[in-house]
Amino acid sequence: MSIVSLQGKICMVTGANSGIGKEVAIGLANLGAITVIVCRDRIKGESAKNEIIGKTGNKSVELMLADLSSFASVRKLADDFKKTHDRLHVLVNNAGLIMGKRLVTVDNLETTFEVNYLSHFLLTLLMLDTLKDSAPSRVVNVSSTASLRGHIDFDDLQEERGYSAMKSYSQSKLAQVLFTYELARKLASSGVTVNALHPGVVRSSWGNEGGALGIGIRLGRPFMISPKKGAETPIYLASSPEIEDVSGKYFSKKRENRSSKESYDENEAKRLWEISLRLAGLA
């Protein structure tokens, strides 16, 4: 089996100051990649950057700041990246949260939907030309088995009629899978692959803001897998030569798996795409 090397490749990971994101960044840096970690908080980001460099010996780790609850911040991230880099070989859309109560962002959108899905939708499309110029390149979307229980409520995407933390989270993760499949169709033969994954039920800071549900998540942490274990599938999708030409698939435990029945509805994916373009200011 050949040794995987990402030497000279540029990889970006969102939500990389803790949990799965940090472990993914460590894995990619270990493979020699120029690793760009995207964090909201500078202090936590600098700490993560220093830890990644210390653990891997790879000094090519860069910190970029972005708040995924703000489209303006996502746009600035894309602009700042392009000022210093003309290539991007791997984009790992990892950052995510679950909210115990309904809150809206500065863009007047429900927070879970914007952070988990819409901001990654926007970031990916803003980086698309760079990804195409870097082909072969990859987009890796960290979803969840919660997507299996998700439903896209086009009449109430922003959960204004009655908020549920798990319903909102599941909808955002299903949206991510629908986006994965639609983008893969649009990028066929472009040299850019797009895949989604379930990392496993991971013991991390996820769920800290999930209210009563968050309490249940925290109580269940002793039975969850480590962030390092959860990072194995995204690292595999970002680097493995075995799947270089595989696109538009859903993975779990480094194996291709079936996502929900709704996720394969191409008409729904197209409808969500058009709405997402409008909400993200790309229409």
# chains A, B, ... in the order shown; residues from 1 in each chain; ligands from 1
>>> residues_around(residues="A:Tyr163", least_positions_apart="5", cutoff="8 Å", atoms="only C-alpha atoms", output="PyMOL selection string")
chain A and resi 101-102+168
>>> write_last_selection(atoms="N, CA and C atoms", output="mmCIF file, in the first residue's frame")
data_model
loop_
_atom_site.group_PDB
_atom_site.id
_atom_site.type_symbol
_atom_site.label_atom_id
_atom_site.label_comp_id
_atom_site.auth_asym_id
_atom_site.auth_seq_id
_atom_site.Cartn_x
_atom_site.Cartn_y
_atom_site.Cartn_z
ATOM 1 N N LYS A 101 -31.992 26.845 21.956
ATOM 2 C CA LYS A 101 -33.132 27.699 21.653
ATOM 3 C C LYS A 101 -32.889 28.413 20.331
ATOM 4 N N ARG A 102 -33.965 28.885 19.744
ATOM 5 C CA ARG A 102 -33.857 29.530 18.439
ATOM 6 C C ARG A 102 -33.228 30.909 18.577
ATOM 7 N N SER A 168 -33.900 21.149 13.966
ATOM 8 C CA SER A 168 -33.104 22.134 13.248
ATOM 9 C C SER A 168 -31.757 21.563 12.843
#
>>> residues_around(residues="A:Gly8", least_positions_apart="2", cutoff="8 Å", atoms="only C-alpha atoms", output="ChimeraX atom specification")
/A:6,10,32-34
>>> write_last_selection(atoms="N, CA and C atoms", output="mmCIF file, in the first residue's frame")
data_model
loop_
_atom_site.group_PDB
_atom_site.id
_atom_site.type_symbol
_atom_site.label_atom_id
_atom_site.label_comp_id
_atom_site.auth_asym_id
_atom_site.auth_seq_id
_atom_site.Cartn_x
_atom_site.Cartn_y
_atom_site.Cartn_z
ATOM 1 N N LEU A 6 0.497 14.526 1.163
ATOM 2 C CA LEU A 6 -0.156 15.752 0.709
ATOM 3 C C LEU A 6 0.855 16.893 0.621
ATOM 4 N N ILE A 10 -2.655 22.281 -0.502
ATOM 5 C CA ILE A 10 -3.232 23.249 0.437
ATOM 6 C C ILE A 10 -4.611 22.771 0.854
ATOM 7 N N GLY A 32 1.757 16.184 5.467
ATOM 8 C CA GLY A 32 2.600 17.171 4.790
ATOM 9 C C GLY A 32 1.874 18.340 4.174
ATOM 10 N N ALA A 33 0.569 18.430 4.375
ATOM 11 C CA ALA A 33 -0.208 19.498 3.734
ATOM 12 C C ALA A 33 0.076 20.867 4.344
ATOM 13 N N ILE A 34 -0.030 21.872 3.512
ATOM 14 C CA ILE A 34 -0.143 23.250 4.011
ATOM 15 C C ILE A 34 -1.565 23.357 4.543
#
>>> closest_atom_pairs(of="stretch 94-131 of chain A", to="stretch 254-276 of chain A", cutoff="12 Å", atoms="only C-alpha atoms", output="tab-separated table")
residue	atom	partner	partner_atom	distance
A:Leu109	CA	A:Ser276	CA	11.6
A:Phe113	CA	A:Ser276	CA	10.6
A:Glu114	CA	A:Ser276	CA	9.9
A:Tyr117	CA	A:Ser276	CA	9.3
A:Leu118	CA	A:Ser276	CA	6.7
A:Ser119	CA	A:Ser276	CA	9.7
A:His120	CA	A:Ser276	CA	10.8
A:Phe121	CA	A:Ser276	CA	7.7
A:Leu122	CA	A:Ser276	CA	8.4
A:Leu125	CA	A:Ser276	CA	11.1
>>> residues_around(residues="A:Pro136", least_positions_apart="5", cutoff="9 Å", atoms="only C-alpha atoms", output="PyMOL selection string")
chain A and resi 89+131+190-193+244-245
>>> atom_distance(atom1="atom CA of A:Arg138", atom2="atom CA of A:Val90")
4.8 Å
>>> residues_around(residues="A:Ser18", least_positions_apart="2", cutoff="9 Å", atoms="only C-alpha atoms", output="count of residues only")
12
>>> select_by_dssp(residues="stretch 49-248 of chain A", states="strand (DSSP E)", output="ChimeraX atom specification")
/A:61-65,90-93,137-142,192-198
>>> residues_around(residues="A:Arg40", least_positions_apart="2", cutoff="8 Å", atoms="only C-alpha atoms", output="VMD selection string")
chain A and resid 15 38 42 45 65 to 68
>>> decode(residues="stretch 45-82 of chain A", atoms="N, CA and C atoms", output="tab-separated table (two decimals), in the first residue's frame")
chain	number	residue	atom	x	y	z
A	45	GLY	N	-7.72	29.81	18.30
A	45	GLY	CA	-7.12	29.43	17.02
A	45	GLY	C	-5.60	29.36	17.09
A	46	GLU	N	-4.99	30.35	17.74
A	46	GLU	CA	-3.52	30.35	17.88
A	46	GLU	C	-3.07	29.17	18.72
A	47	SER	N	-3.85	28.85	19.76
A	47	SER	CA	-3.51	27.70	20.61
A	47	SER	C	-3.57	26.41	19.80
A	48	ALA	N	-4.63	26.27	18.99
A	48	ALA	CA	-4.77	25.07	18.15
A	48	ALA	C	-3.64	24.99	17.12
A	49	LYS	N	-3.33	26.12	16.51
A	49	LYS	CA	-2.24	26.16	15.52
A	49	LYS	C	-0.93	25.68	16.13
A	50	ASN	N	-0.60	26.21	17.32
A	50	ASN	CA	0.65	25.82	17.97
A	50	ASN	C	0.65	24.34	18.35
A	51	GLU	N	-0.51	23.86	18.78
A	51	GLU	CA	-0.62	22.43	19.13
A	51	GLU	C	-0.42	21.55	17.90
A	52	ILE	N	-1.04	21.93	16.78
A	52	ILE	CA	-0.92	21.14	15.54
A	52	ILE	C	0.54	21.12	15.07
A	53	ILE	N	1.19	22.27	15.11
A	53	ILE	CA	2.61	22.33	14.70
A	53	ILE	C	3.46	21.47	15.63
A	54	GLY	N	3.17	21.57	16.94
A	54	GLY	CA	3.95	20.80	17.91
A	54	GLY	C	3.79	19.30	17.74
A	55	LYS	N	2.57	18.86	17.43
A	55	LYS	CA	2.31	17.42	17.31
A	55	LYS	C	2.80	16.84	15.99
A	56	THR	N	2.85	17.66	14.94
A	56	THR	CA	3.17	17.14	13.61
A	56	THR	C	4.56	17.53	13.12
A	57	GLY	N	5.12	18.59	13.67
A	57	GLY	CA	6.39	19.09	13.18
A	57	GLY	C	6.26	19.82	11.86
A	58	ASN	N	5.03	19.99	11.40
A	58	ASN	CA	4.75	20.71	10.15
A	58	ASN	C	4.49	22.18	10.49
A	59	LYS	N	5.40	23.04	10.08
A	59	LYS	CA	5.27	24.46	10.39
A	59	LYS	C	4.35	25.19	9.41
A	60	SER	N	3.90	24.48	8.37
A	60	SER	CA	3.03	25.11	7.38
A	60	SER	C	1.57	25.01	7.79
A	61	VAL	N	1.28	25.55	8.97
A	61	VAL	CA	-0.08	25.61	9.49
A	61	VAL	C	-0.45	27.08	9.64
A	62	GLU	N	-1.54	27.48	9.02
A	62	GLU	CA	-1.95	28.88	9.02
A	62	GLU	C	-3.31	29.03	9.68
A	63	LEU	N	-3.49	30.11	10.40
A	63	LEU	CA	-4.76	30.42	11.03
A	63	LEU	C	-5.47	31.52	10.26
A	64	MET	N	-6.75	31.29	9.94
A	64	MET	CA	-7.59	32.32	9.37
A	64	MET	C	-8.86	32.40	10.21
A	65	LEU	N	-9.35	33.61	10.40
A	65	LEU	CA	-10.50	33.82	11.26
A	65	LEU	C	-11.77	34.01	10.46
A	66	ALA	N	-12.85	33.40	10.95
A	66	ALA	CA	-14.16	33.60	10.33
A	66	ALA	C	-15.24	33.18	11.31
A	67	ASP	N	-16.31	33.94	11.33
A	67	ASP	CA	-17.49	33.61	12.12
A	67	ASP	C	-18.55	33.13	11.14
A	68	LEU	N	-18.89	31.84	11.20
A	68	LEU	CA	-19.82	31.28	10.23
A	68	LEU	C	-21.27	31.68	10.48
A	69	SER	N	-21.52	32.50	11.47
A	69	SER	CA	-22.86	33.05	11.65
A	69	SER	C	-22.98	34.40	10.95
A	70	SER	N	-22.00	34.71	10.10
A	70	SER	CA	-22.01	35.97	9.36
A	70	SER	C	-21.52	35.73	7.93
A	71	PHE	N	-22.37	36.01	6.95
A	71	PHE	CA	-21.96	35.87	5.56
A	71	PHE	C	-20.83	36.84	5.22
A	72	ALA	N	-20.85	38.02	5.82
A	72	ALA	CA	-19.79	39.00	5.57
A	72	ALA	C	-18.44	38.45	6.01
A	73	SER	N	-18.44	37.74	7.13
A	73	SER	CA	-17.21	37.14	7.64
A	73	SER	C	-16.73	36.01	6.73
A	74	VAL	N	-17.66	35.23	6.20
A	74	VAL	CA	-17.31	34.15	5.27
A	74	VAL	C	-16.73	34.73	3.99
A	75	ARG	N	-17.32	35.78	3.50
A	75	ARG	CA	-16.81	36.44	2.29
A	75	ARG	C	-15.40	37.00	2.53
A	76	LYS	N	-15.18	37.57	3.71
A	76	LYS	CA	-13.85	38.08	4.04
A	76	LYS	C	-12.84	36.95	4.11
A	77	LEU	N	-13.25	35.81	4.66
A	77	LEU	CA	-12.37	34.64	4.71
A	77	LEU	C	-11.93	34.25	3.29
A	78	ALA	N	-12.89	34.15	2.39
A	78	ALA	CA	-12.56	33.78	1.01
A	78	ALA	C	-11.63	34.80	0.37
A	79	ASP	N	-11.92	36.08	0.59
A	79	ASP	CA	-11.07	37.15	0.02
A	79	ASP	C	-9.66	37.09	0.60
A	80	ASP	N	-9.58	36.93	1.93
A	80	ASP	CA	-8.27	36.89	2.58
A	80	ASP	C	-7.44	35.70	2.10
A	81	PHE	N	-8.11	34.56	1.93
A	81	PHE	CA	-7.41	33.36	1.46
A	81	PHE	C	-6.84	33.60	0.06
A	82	LYS	N	-7.65	34.18	-0.81
A	82	LYS	CA	-7.23	34.35	-2.21
A	82	LYS	C	-6.13	35.40	-2.36
